[in-house]
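Visitor: Questions regarding the structure given below will be posed in turn.
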Amino acid sequence: HNAAHRRNDRTRAGGEETAVYCTAATMSAELGDKMAMLQAQEDGTSPFVKLISKEGHEFYVDRKCAMMSGTIKAMLSGGFMESKGEIRFAEIRGAILERVIQYVYYKVKYTKGNVAPPEFEIEPEIALELLMAANYLDC
């Protein structure tokens, strides 16, 4: 293996283990992009919003998608401290917040389509908690 390459991801494809390599230059570019994204977040100009669950799980969500939630839109647009792009939800578990985020992306993807969207599957055991979170988030 070349010393300039570093293994950073393992996947299984067809039962065989494969490794993804990236060069030091690629890793440096990715780090630079991440640093720029974090700096933009601090300035409030990031195209992403950080949503933090009850347990502290962080989700970076496209700002346009996050704005599908009336509650998040109000928080980002108003004079709230959350308007900087980081919103903590002390009452919403990570698994539930993740499903809400998946739904928002689903909604954005299929809103303007001419074809009937596929069913958005909701597991019965989380249905009530998901309904309460979606109601609170107005999405």
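Ordered as shown in the structure tokens, chains take letters A, B, and onward, while each chain numbers its residues from 1 and ligands are numbered from 1 in the order shown.
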At a cut-off of 10 Å, can you tabulate as a tab-separated table every residue of stretch 69-91 of chain A near stretch 96-106 of chain A together with its closest atom pair and the distance in Å to one decimal, using only C-alpha atoms and ordering rows by chain then number?
Guide:
```
residue	atom	partner	partner_atom	distance
A:Ser69	CA	A:Val104	CA	7.8
A:Phe89	CA	A:Leu97	CA	8.7
A:Glu91	CA	A:Leu97	CA	9.9
```
Visitor: Restricting the calculation to only C-alpha atoms, which member of A:Ile92, A:Thr71, A:Ser77, A:Val115 is positioned closest to A:Leu137?
Guide: A:Thr71
Visitor: Kindly give the distance, in Å, that separates atom CA of A:Tyr136 and atom CA of A:Ala95, rounded to a single decimal.
Guide: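 These two atoms are separated by 15.9 Å.
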Visitor: For each of A:Cys139, A:Ile122, A:Leu130, A:Ala90, take the minimum atom-to-atom distance to A:Met68, counting only C-alpha atoms, then give the residue where this is smallest.
Guide: A:Cys139
Visitor: Rounded to one decimal in Å, what is the spacing between atom CA of A:Tyr60 and atom CA of A:Arg93?
Guide: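 It comes out at 15.6 Å.
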Visitor: Compile the contact shell of A:Arg63 as a PDB file with C-alpha atoms, in the first residue's frame: residues with an atom at most 6 Å away, counting only C-alpha atoms, same-chain residues fewer than 6 positions apart removed.
Guide:
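Printed below is out18.pdb as written:
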```
ATOM      1  CA  PRO A  47     -26.764  25.834   4.081  1.00  0.00           C
ATOM      2  CA  PHE A  48     -27.142  23.344   6.954  1.00  0.00           C
ATOM      3  CA  VAL A  49     -28.868  23.405  10.317  1.00  0.00           C
TER       4      VAL A  49
END
```
Visitor: For the atom pair atom CA of A:Thr111 and atom CA of A:His57, what is the interatomic distance in Å to one decimal place?
Guide: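 Interatomic distance, atom CA of A:Thr111 to atom CA of A:His57: 28.0 Å.
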Visitor: Counting only C-alpha atoms, which of A:Ala66, A:Ile126, A:Ile52, A:Ile87 gets nearest to A:Val108?
Guide: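 Ranking A:Ala66, A:Ile126, A:Ile52, A:Ile87 by distance to A:Val108, first place goes to A:Ala66.
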